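To be precise, the following lines are work.tsv, and they hold TSV, C-alpha atoms.
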chain	number	residue	atom	x	y	z
A	1	MET	CA	-25.20	53.08	-12.54
A	2	ARG	CA	-26.42	49.53	-13.19
A	3	HIS	CA	-27.88	47.57	-10.30
A	4	ASP	CA	-28.72	44.34	-12.15
A	5	CYS	CA	-25.26	42.76	-12.12
A	6	ASP	CA	-25.27	39.01	-11.54
A	7	LEU	CA	-22.28	38.51	-9.25
A	8	GLU	CA	-21.40	35.82	-6.73
A	9	LEU	CA	-18.93	36.75	-3.98
A	10	PHE	CA	-16.88	34.50	-1.73
A	11	ALA	CA	-15.07	36.34	1.07
A	12	PRO	CA	-13.82	33.96	3.76
A	13	THR	CA	-11.84	34.97	6.81
A	14	TYR	CA	-8.21	33.89	6.49
A	15	VAL	CA	-6.68	32.24	9.53
A	16	VAL	CA	-3.41	30.60	10.53
A	17	ARG	CA	-3.16	27.58	12.80
A	18	GLU	CA	-1.11	27.98	15.96
A	19	THR	CA	-0.24	25.42	18.64
A	20	LYS	CA	0.57	26.71	22.13
A	21	ASN	CA	0.96	24.46	25.15
A	22	GLY	CA	-0.54	21.59	23.18
A	23	GLU	CA	-3.69	23.56	22.30
A	24	VAL	CA	-4.53	24.27	18.66
A	25	LYS	CA	-6.04	27.67	17.85
A	26	MET	CA	-6.92	29.53	14.66
A	27	LYS	CA	-5.72	33.13	14.53
A	28	THR	CA	-6.80	35.69	11.93
A	29	ALA	CA	-4.02	36.04	9.35
A	30	ASN	CA	-2.37	39.37	8.66
A	31	LEU	CA	-2.60	39.68	4.88
A	32	THR	CA	-1.37	42.65	2.85
A	33	PHE	CA	-4.37	42.10	0.58
A	34	HIS	CA	-7.64	40.46	1.57
A	35	TYR	CA	-8.63	38.28	-1.37
A	36	VAL	CA	-12.29	38.32	-2.31
A	37	PHE	CA	-13.39	35.92	-5.05
A	38	VAL	CA	-16.01	37.20	-7.47
A	39	ARG	CA	-17.83	35.08	-10.07
A	40	GLY	CA	-19.50	36.85	-12.97
A	41	THR	CA	-18.98	38.28	-16.43
A	42	PHE	CA	-15.91	40.39	-17.03
A	43	THR	CA	-18.09	43.46	-17.65
A	44	ASP	CA	-19.93	43.08	-14.35
A	45	VAL	CA	-16.75	42.43	-12.36
A	46	LYS	CA	-15.07	45.43	-14.00
A	47	MET	CA	-18.04	47.59	-13.00
A	48	LEU	CA	-17.72	46.37	-9.40
A	49	CYS	CA	-14.04	47.33	-9.36
A	50	SER	CA	-14.85	50.78	-10.74
A	51	GLN	CA	-16.88	51.64	-7.64
A	52	GLN	CA	-15.23	53.49	-4.77
A	53	ILE	CA	-15.50	50.53	-2.38
A	54	GLY	CA	-11.97	49.15	-2.43
A	55	PHE	CA	-12.21	46.32	-5.01
A	56	SER	CA	-9.55	45.91	-7.69
A	57	PHE	CA	-8.44	43.17	-10.07
A	58	LEU	CA	-5.53	40.94	-9.09
A	59	ILE	CA	-2.91	41.01	-11.85
A	60	ASP	CA	-1.40	37.63	-12.75
A	61	HIS	CA	2.11	38.35	-13.99
A	62	GLY	CA	2.91	34.69	-14.61
A	63	ALA	CA	0.01	33.78	-16.89
A	64	SER	CA	-1.11	34.56	-20.43
A	65	GLU	CA	-4.31	36.16	-19.09
A	66	ARG	CA	-3.90	39.58	-17.49
A	67	TYR	CA	-6.10	38.96	-14.47
A	68	ALA	CA	-5.89	36.11	-11.96
A	69	THR	CA	-8.71	33.58	-12.15
A	70	VAL	CA	-9.67	30.44	-10.26
A	71	SER	CA	-11.45	27.49	-11.88
A	72	ASP	CA	-14.96	26.55	-10.76
A	73	ARG	CA	-13.60	23.23	-9.46
A	74	ASN	CA	-10.95	24.91	-7.30
A	75	MET	CA	-13.47	27.42	-6.04
A	76	ALA	CA	-15.79	24.57	-5.03
A	77	ASN	CA	-12.86	23.04	-3.14
A	78	PHE	CA	-12.06	26.34	-1.37
A	79	LYS	CA	-15.70	26.66	-0.32
A	80	ASN	CA	-15.68	23.05	0.84
A	81	ILE	CA	-12.83	23.75	3.25
A	82	ALA	CA	-14.26	27.10	4.35
A	83	ARG	CA	-17.66	25.53	5.05
A	84	ALA	CA	-16.09	22.86	7.27
A	85	TYR	CA	-14.17	25.57	9.15
A	86	ARG	CA	-17.18	27.94	9.47
A	87	ASN	CA	-16.10	30.21	6.62
A	88	CYS	CA	-12.53	30.44	7.90
A	89	LEU	CA	-9.97	29.51	5.26
A	90	PRO	CA	-6.66	28.26	6.75
A	91	TYR	CA	-3.87	30.27	5.13
A	92	PHE	CA	-0.18	29.54	4.71
A	93	SER	CA	2.67	30.11	2.30
A	94	LEU	CA	3.63	27.40	-0.20
A	95	GLU	CA	7.24	28.56	-0.43
A	96	ASP	CA	8.55	25.70	1.73
A	97	ILE	CA	6.11	23.05	0.45
A	98	ASP	CA	7.02	20.73	-2.44
A	99	LEU	CA	3.62	19.83	-3.86
A	100	GLU	CA	5.32	17.31	-6.18
A	101	GLU	CA	5.83	15.07	-3.15
A	102	GLY	CA	2.11	14.63	-2.56
A	103	ASP	CA	-0.53	12.51	-4.26
A	104	ILE	CA	-3.60	14.02	-5.88
A	105	VAL	CA	-6.60	12.65	-4.00
A	106	GLU	CA	-10.35	13.03	-3.69
A	107	VAL	CA	-12.04	12.91	-0.30
A	108	ILE	CA	-14.87	10.37	-0.27
A	109	ASN	CA	-15.81	10.41	3.44
A	110	GLY	CA	-15.58	12.70	6.44
A	111	ASP	CA	-15.88	16.48	6.64
A	112	PHE	CA	-14.68	17.31	3.11
A	113	PRO	CA	-16.54	15.06	0.64
A	114	GLY	CA	-15.64	15.84	-2.97
A	115	LEU	CA	-12.54	17.84	-2.05
A	116	ILE	CA	-9.67	17.30	-4.51
A	117	GLY	CA	-6.15	18.37	-3.61
A	118	VAL	CA	-2.59	17.32	-2.81
A	119	TYR	CA	-2.37	14.87	0.09
A	120	ILE	CA	0.66	15.17	2.37
A	121	PRO	CA	0.74	12.24	4.85
A	122	LYS	CA	1.73	12.98	8.43
A	123	PRO	CA	4.71	10.92	9.66
A	124	LYS	CA	3.75	7.96	11.87
A	125	SER	CA	0.08	8.75	11.46
A	126	LYS	CA	-2.96	7.38	9.62
A	127	SER	CA	-3.99	10.87	8.53
A	128	GLY	CA	-2.61	13.75	6.53
A	129	ASN	CA	-3.32	17.25	5.27
A	130	ILE	CA	-4.81	18.16	1.90
A	131	ILE	CA	-3.29	21.25	0.33
A	132	LEU	CA	-4.88	23.52	-2.26
A	133	LYS	CA	-3.06	26.22	-4.14
A	134	VAL	CA	-5.06	29.45	-4.11
A	135	TYR	CA	-2.78	31.84	-5.97
A	136	ASN	CA	0.98	31.98	-6.54
A	137	ASN	CA	2.52	30.91	-3.19
A	138	VAL	CA	-0.69	31.25	-1.21
A	139	GLY	CA	-2.33	28.02	-0.14
A	140	THR	CA	-5.11	26.68	2.03
A	141	ILE	CA	-5.31	23.37	3.81
A	142	ALA	CA	-7.71	20.75	5.17
A	143	PHE	CA	-6.18	19.34	8.34
A	144	ASP	CA	-6.10	15.78	9.67
A	145	VAL	CA	-7.89	13.96	6.87
A	146	LYS	CA	-7.86	10.19	7.44
A	147	ALA	CA	-6.04	8.13	4.81
A	148	THR	CA	-9.06	5.83	4.66
A	149	ASP	CA	-11.29	8.79	3.72
A	150	VAL	CA	-9.52	9.52	0.44
A	151	ARG	CA	-9.06	7.79	-2.88
A	152	VAL	CA	-5.99	8.41	-4.97
A	153	LEU	CA	-6.47	10.04	-8.35
A	154	GLU	CA	-2.80	10.27	-9.25
A	155	PHE	CA	0.30	9.25	-7.32
A	156	SER	CA	3.24	11.59	-6.98
A	157	HIS	CA	5.99	10.98	-9.53
A	158	LYS	CA	8.38	10.78	-6.57
A	159	SER	CA	6.27	8.26	-4.68
A	160	THR	CA	6.81	4.57	-3.99
A	161	ARG	CA	3.30	4.29	-2.56
A	162	PRO	CA	1.70	2.47	-5.52
A	163	ASN	CA	4.06	-0.44	-4.94
A	164	ASP	CA	3.63	-0.19	-1.18
A	165	GLN	CA	-0.17	-0.26	-1.45
A	166	LEU	CA	-0.08	-3.30	-3.73
A	167	ASP	CA	2.45	-5.16	-1.60
A	168	ALA	CA	0.27	-4.54	1.46
A	169	ILE	CA	-2.99	-5.83	-0.06
A	170	VAL	CA	-1.65	-8.92	-1.88
A	171	PRO	CA	-1.43	-11.16	1.26
A	172	HIS	CA	-5.04	-10.26	2.09
A	173	LEU	CA	-6.15	-10.98	-1.47
A	174	LEU	CA	-4.41	-14.36	-1.36
A	175	SER	CA	-6.28	-15.19	1.85
A	176	ALA	CA	-9.55	-14.05	0.27
A	177	LEU	CA	-8.93	-16.25	-2.78
A	178	ARG	CA	-8.83	-19.31	-0.54
A	179	TYR	CA	-12.26	-18.43	0.88
A	180	HIS	CA	-13.54	-17.70	-2.62
A	181	LYS	CA	-12.31	-21.04	-3.91
A	182	ILE	CA	-14.48	-22.96	-1.44
A	183	SER	CA	-17.37	-20.45	-1.57
A	184	GLU	CA	-16.98	-19.49	2.07
A	185	PRO	CA	-17.85	-15.97	3.34
A	186	LEU	CA	-14.92	-13.73	4.15
A	187	PRO	CA	-14.18	-12.50	7.70
A	188	SER	CA	-15.41	-8.93	8.16
A	189	ALA	CA	-11.88	-7.62	8.80
A	190	LEU	CA	-10.73	-9.01	5.45
A	191	VAL	CA	-13.71	-7.49	3.67
A	192	ALA	CA	-12.93	-4.10	5.22
A	193	LYS	CA	-9.30	-4.14	4.07
A	194	MET	CA	-10.27	-5.00	0.50
A	195	LEU	CA	-13.08	-2.43	0.40
A	196	VAL	CA	-10.72	0.32	1.54
A	197	PHE	CA	-8.14	-0.71	-1.04
A	198	CYS	CA	-10.68	-0.72	-3.88
A	199	SER	CA	-12.17	2.62	-2.88
A	200	ARG	CA	-8.73	4.26	-2.61
A	201	MET	CA	-7.15	2.73	-5.70
A	202	GLY	CA	-10.05	2.10	-8.06
A	203	ILE	CA	-9.59	5.11	-10.36
A	204	VAL	CA	-5.97	6.03	-9.73
A	205	ARG	CA	-3.82	7.08	-12.69
A	206	ILE	CA	-0.42	5.35	-12.83
A	207	ASN	CA	2.07	6.22	-15.55
A	208	ASN	CA	3.98	2.92	-15.24
A	209	ARG	CA	2.24	0.33	-17.47
A	210	LYS	CA	3.79	-2.68	-15.70
A	211	LEU	CA	2.66	-1.42	-12.31
A	212	ASP	CA	-0.75	-0.44	-13.63
A	213	ALA	CA	-1.28	-3.92	-15.09
A	214	ARG	CA	-0.53	-5.47	-11.69
A	215	LEU	CA	-2.90	-3.01	-10.02
A	216	GLN	CA	-5.75	-3.80	-12.43
A	217	ALA	CA	-5.32	-7.56	-11.90
A	218	VAL	CA	-5.45	-7.09	-8.14
A	219	LEU	CA	-8.50	-4.81	-8.42
A	220	PHE	CA	-10.16	-7.43	-10.63
A	221	GLY	CA	-9.59	-10.08	-7.97
A	222	CYS	CA	-10.69	-7.94	-5.04
A	223	ASN	CA	-13.80	-6.55	-6.72
A	224	THR	CA	-14.90	-9.97	-8.00
A	225	ILE	CA	-14.64	-11.51	-4.54
A	226	LEU	CA	-16.50	-8.55	-3.02
A	227	GLY	CA	-19.28	-8.88	-5.60
A	228	ASN	CA	-18.52	-5.55	-7.28
A	229	ASN	CA	-18.97	-7.05	-10.73
A	230	GLU	CA	-19.09	-3.81	-12.69
A	231	ASP	CA	-15.84	-2.54	-11.15
A	232	ALA	CA	-14.27	-5.96	-11.66
A	233	GLU	CA	-15.15	-5.90	-15.35
A	234	LEU	CA	-13.69	-2.41	-15.78
A	235	ALA	CA	-10.46	-3.53	-14.10
A	236	LYS	CA	-10.29	-6.57	-16.39
A	237	ILE	CA	-10.76	-4.41	-19.48
A	238	ARG	CA	-7.95	-2.11	-18.34
A	239	TYR	CA	-5.73	-5.11	-17.55
A	240	ASP	CA	-6.28	-6.62	-21.01
A	241	LYS	CA	-4.96	-3.39	-22.53
A	242	LEU	CA	-1.84	-3.50	-20.35
A	243	LYS	CA	-1.03	-7.19	-19.96
A	244	GLU	CA	1.68	-7.24	-22.65
A	245	ALA	CA	3.72	-4.87	-20.47
A	246	VAL	CA	4.14	-7.53	-17.75
A	247	THR	CA	7.52	-9.23	-18.15
A	248	ASN	CA	8.50	-10.17	-14.60
A	249	GLU	CA	7.90	-13.89	-14.03
A	250	TRP	CA	6.82	-13.46	-10.41
A	251	THR	CA	4.34	-10.73	-11.31
A	252	SER	CA	2.98	-12.93	-14.11
A	253	ALA	CA	2.63	-15.81	-11.65
A	254	LEU	CA	0.67	-13.64	-9.21
A	255	ILE	CA	-1.66	-12.41	-11.94
A	256	SER	CA	-2.16	-15.93	-13.29
A	257	LEU	CA	-3.04	-17.18	-9.81
A	258	ILE	CA	-5.68	-14.47	-9.40
A	259	PHE	CA	-7.31	-15.16	-12.74
A	260	ALA	CA	-7.02	-18.95	-12.43
A	261	ILE	CA	-8.85	-19.03	-9.09
A	262	ILE	CA	-11.46	-16.44	-10.05
A	263	GLU	CA	-12.18	-18.11	-13.40
A	264	ASN	CA	-11.70	-21.67	-12.10
A	265	ASP	CA	-9.04	-22.36	-14.72
A	266	ALA	CA	-7.10	-25.44	-13.57
A	267	ASP	CA	-4.82	-25.55	-16.61
A	268	ARG	CA	-3.69	-21.97	-16.12
A	269	LEU	CA	-2.97	-22.72	-12.47
A	270	ILE	CA	-0.75	-25.71	-13.36
A	271	ASN	CA	1.05	-23.90	-16.19
A	272	ALA	CA	1.78	-20.87	-14.01
A	273	GLN	CA	3.19	-23.06	-11.26
A	274	ASP	CA	5.45	-24.76	-13.79
A	275	SER	CA	6.75	-21.35	-14.94
A	276	ILE	CA	8.21	-20.56	-11.51
A	277	LYS	CA	9.43	-24.03	-10.49
A	278	SER	CA	12.93	-23.31	-11.72
A	279	LEU	CA	13.05	-19.94	-9.91
A	280	THR	CA	14.45	-19.42	-6.43
A	281	PRO	CA	12.20	-17.22	-4.29
A	282	THR	CA	14.23	-14.50	-2.58
A	283	SER	CA	11.55	-12.38	-0.93
A	284	LYS	CA	8.73	-13.01	1.50
A	285	ALA	CA	6.18	-12.22	-1.23
A	286	GLN	CA	7.74	-14.72	-3.64
A	287	LYS	CA	7.87	-17.43	-0.98
A	288	MET	CA	4.21	-16.77	-0.17
A	289	LEU	CA	3.31	-17.15	-3.84
A	290	VAL	CA	5.10	-20.52	-4.03
A	291	GLU	CA	3.14	-21.64	-0.97
A	292	GLU	CA	-0.14	-20.58	-2.56
A	293	TYR	CA	0.53	-22.61	-5.69
A	294	ALA	CA	1.47	-25.60	-3.57
A	295	PHE	CA	-1.80	-25.18	-1.64
A	296	TYR	CA	-3.93	-25.29	-4.81
A	297	ASN	CA	-1.95	-27.90	-6.76
A	298	GLU	CA	-1.10	-30.38	-4.02
Would you mind writing the file's structure down as structure tokens?
Amino acid sequence: MRHDCDLELFAPTYVVRETKNGEVKMKTANLTFHYVFVRGTFTDVKMLCSQQIGFSFLIDHGASERYATVSDRNMANFKNIARAYRNCLPYFSLEDIDLEEGDIVEVINGDFPGLIGVYIPKPKSKSGNIILKVYNNVGTIAFDVKATDVRVLEFSHKSTRPNDQLDAIVPHLLSALRYHKISEPLPSALVAKMLVFCSRMGIVRINNRKLDARLQAVLFGCNTILGNNEDAELAKIRYDKLKEAVTNEWTSALISLIFAIIENDADRLINAQDSIKSLTPTSKAQKMLVEEYAFYNE
């Protein structure tokens, strides 16, 4: 028998979260099989399973490969959660969870730095849970992760959040542009809002080119004002590749305002204002934009 196998084992305790009388407790889960993750060569793992110690391969009936495997990235994420919960991996079934409804995020602060998973916001809360698929319908979860501690890698196809995030930051960016125009320092609360937005949205993937162009223009403005010149330049490069997709006159006017103030381009400011003079603003955002142009061109 060989004794020089190079194997790495990960065998967390699986628990379920229960709430009784307002108190949250973790209870050991009753699993038919206790999953143990083993990293090594196929030959070494096969030798381990051949011993009379209860190990056996998990067959993956839904994949081209015979045996179930987990990527190194997912395994790092599982260990990240287990480490935060003292080697206890919260377990639950994914049968009633629609992962398509969540955004793919990366945790950048808090107890789970580097964790990548599906973020499910909690209703009427500033936090949510991050779900990881372990195998088939078995999942694990990181509870109560603050929304400000994650950055979005890819929004759900069913989500309206990209628009919501942009709509929420634009008034703050417009305020910041006024300070930037006269070279005045920004209030700390305004800086915080823009920093959070940039950290959450800076590398997000958006499939809609029109929306992505608007996002990159806003990121360009925010990062420039904050002094993040490298990130601002990257956003500008991405915007230049997408700008032909912008056809809405109000969106074009917003983008022109951002670039005109940042680049001190008086002609662009006047031309953009002229382009919306014949339009009737119907929303609060459009009325705000008209007011901003009046402020700069009065």
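Counting all atoms listed in the file, Pro113 of chain A has the following residues at most 10 Å away, ignoring those fewer than 2 positions along the same chain: Asn77, Asn80, Ile81, Glu106, Val107, Ile108, Asn109, Gly110, Asp111, Leu115, Ile116, Asp149 and Val150 of chain A.
Counting all atoms listed in the file and comparing A:Ala147, A:Ala29, A:Ala192, A:Val152, the residue that lies closest to Ser127 of chain A is A:Ala147.
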Around segment 193-202 of chain A, with edges along x, y and z and 5 Å added on all six sides, what centre and edge lengths do you get, in Å to one decimal, as lines of an AutoDock Vina configuration file?
center_x = -10.1
center_y = -0.4
center_z = -2.0
size_x = 15.9
size_y = 19.3
size_z = 22.1
* To do: Report the distance between atom CA of Leu7 of chain A and atom CA of Gly40 of chain A in Å, rounded to one decimal place.
  =>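 Atom-to-atom, atom CA of Leu7 of chain A and atom CA of Gly40 of chain A are spaced 4.9 Å apart.
For the choices A:Asn271, A:Ser188, A:Gln165, A:Asn137, the atom-to-atom distance to Glu95 of chain A is smallest for A:Asn137 when using only C-alpha atoms.
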